[in-house]
Amino acid sequence: MKKISIAKLFLTFFKINAITFGGGYTIVPVIKDIFVSDLELIEEDEMMDIVAISQGGPGAMAISCSVLTGYYLRGPLGAITCLVASSLPCLIILSIISNFYQEFKSNFFINAALEGISGVISAVLFITVVRMGISSYKNNPRFSIVMIILVFLVAFFTNINTGLIIFFCALAGISYFSVMERYKNA
């Protein structure tokens with residue numbers, strides 16, 4: 001497996017987080033494209049594992065995914081490097097915006113740009129969900145179809161909190177795959 005320097009890791013995550021708007025689910029495909037496709041440092045399945053673990057942890061998904069990617073590639077130093085590199089652009093941008101908040105708030109062009117960005121973010125989120133669904137379907141088609149249908153029905157026809165739905169899906173996945181693992185080993 002190729003190695004990446006700490007400096008390149010820092011610059012890569014700093015750049016990703018500086019130019020990507022929309023939070024975790026919009027940054028994840030960018031991280032995946034760079035580290036799986038471009039740099040070929042992480043396999044597709046390993047990246048899906050990193051994303052799954054990132055979703056389960058507390059805090060911002062973009063930061064969790066960055067930290068776990070850094071840890072996977074360079075250990076604890078990589079995790080700390082990615083944490084700083086991912087947090088720094090947000091802190092810099094928010095510091096600048098806070099000084100000019102009143103001017104930004106009433107500026108037509110800034111508001112129009114933010115409206116346009118929100119449309120792009122929706123498209124990126126849709127693409128991310130489709131890609132993750134296809135990858136999951138390839139590995140476990142029956143389980144994926146059953147979970148998609150159940151989650152849709154529960155989310156559409158009830159008022160159950162989305163967090164609870166995700167929690168029960170995680171429990172279902174852990175239960176199903178632990179039973180399947182025991183069955184394979186038996």
# chains A, B, ... in the order shown; residues from 1 in each chain; ligands from 1
call {"tool": "residues_around", "arguments": {"residues": "Lys3 (chain A)", "least_positions_apart": "5", "cutoff": "12 Å", "atoms": "only C-alpha atoms", "output": "JSON, numbers by chain"}}
result
{"A": [8, 9, 35, 39, 40, 41, 42, 70, 72, 73, 74, 75, 78]}
call {"tool": "residues_around", "arguments": {"residues": "region 116-122 of chain A", "least_positions_apart": "3", "cutoff": "7 Å", "atoms": "only C-alpha atoms", "output": "MDAnalysis selection string"}}
result
chainID A and resid 22 26 112:113 125:126
call {"tool": "atom_distance", "arguments": {"atom1": "CA of Arg131 (chain A)", "atom2": "CA of Asp49 (chain A)"}}
result
13.9 Å
call {"tool": "atom_distance", "arguments": {"atom1": "CA of Ser178 (chain A)", "atom2": "CA of Lys138 (chain A)"}}
result
18.8 Å
call {"tool": "select_by_dssp", "arguments": {"residues": "region 1-128 of chain A", "states": "alpha helix (DSSP H)", "output": "count of residues only"}}
result
101
call {"tool": "residues_around", "arguments": {"residues": "Leu77 (chain A)", "least_positions_apart": "6", "cutoff": "10 Å", "atoms": "only C-alpha atoms", "output": "PyMOL selection string"}}
result
chain A and resi 6+67+70-71+83
call {"tool": "residues_around", "arguments": {"residues": "Cys90 (chain A)", "least_positions_apart": "6", "cutoff": "10 Å", "atoms": "only C-alpha atoms", "output": "list of chain:residue names"}}
result
A:Phe14, A:Asn17, A:Ala18, A:Ile96
call {"tool": "residues_around", "arguments": {"residues": "region 155-172 of chain A", "least_positions_apart": "2", "cutoff": "12 Å", "atoms": "only C-alpha atoms", "output": "PyMOL selection string"}}
result
chain A and resi 52-53+55-58+143-144+146-153+174-179
call {"tool": "closest_residue", "arguments": {"among": "A:Val51, A:Ile31, A:Ala79, A:Leu88", "to": "Val129 (chain A)", "atoms": "only C-alpha atoms"}}
result
A:Val51
call {"tool": "closest_residue", "arguments": {"among": "A:Phe104, A:Tyr25, A:Phe10, A:Tyr137", "to": "Ala85 (chain A)", "atoms": "only C-alpha atoms"}}
result
A:Phe10
call {"tool": "atom_distance", "arguments": {"atom1": "CA of Pro76 (chain A)", "atom2": "CA of Ile19 (chain A)"}}
result
25.3 Å
call {"tool": "closest_residue", "arguments": {"among": "A:Met47, A:Leu94, A:Ile27, A:Val84", "to": "Thr128 (chain A)", "atoms": "only C-alpha atoms"}}
result
A:Ile27
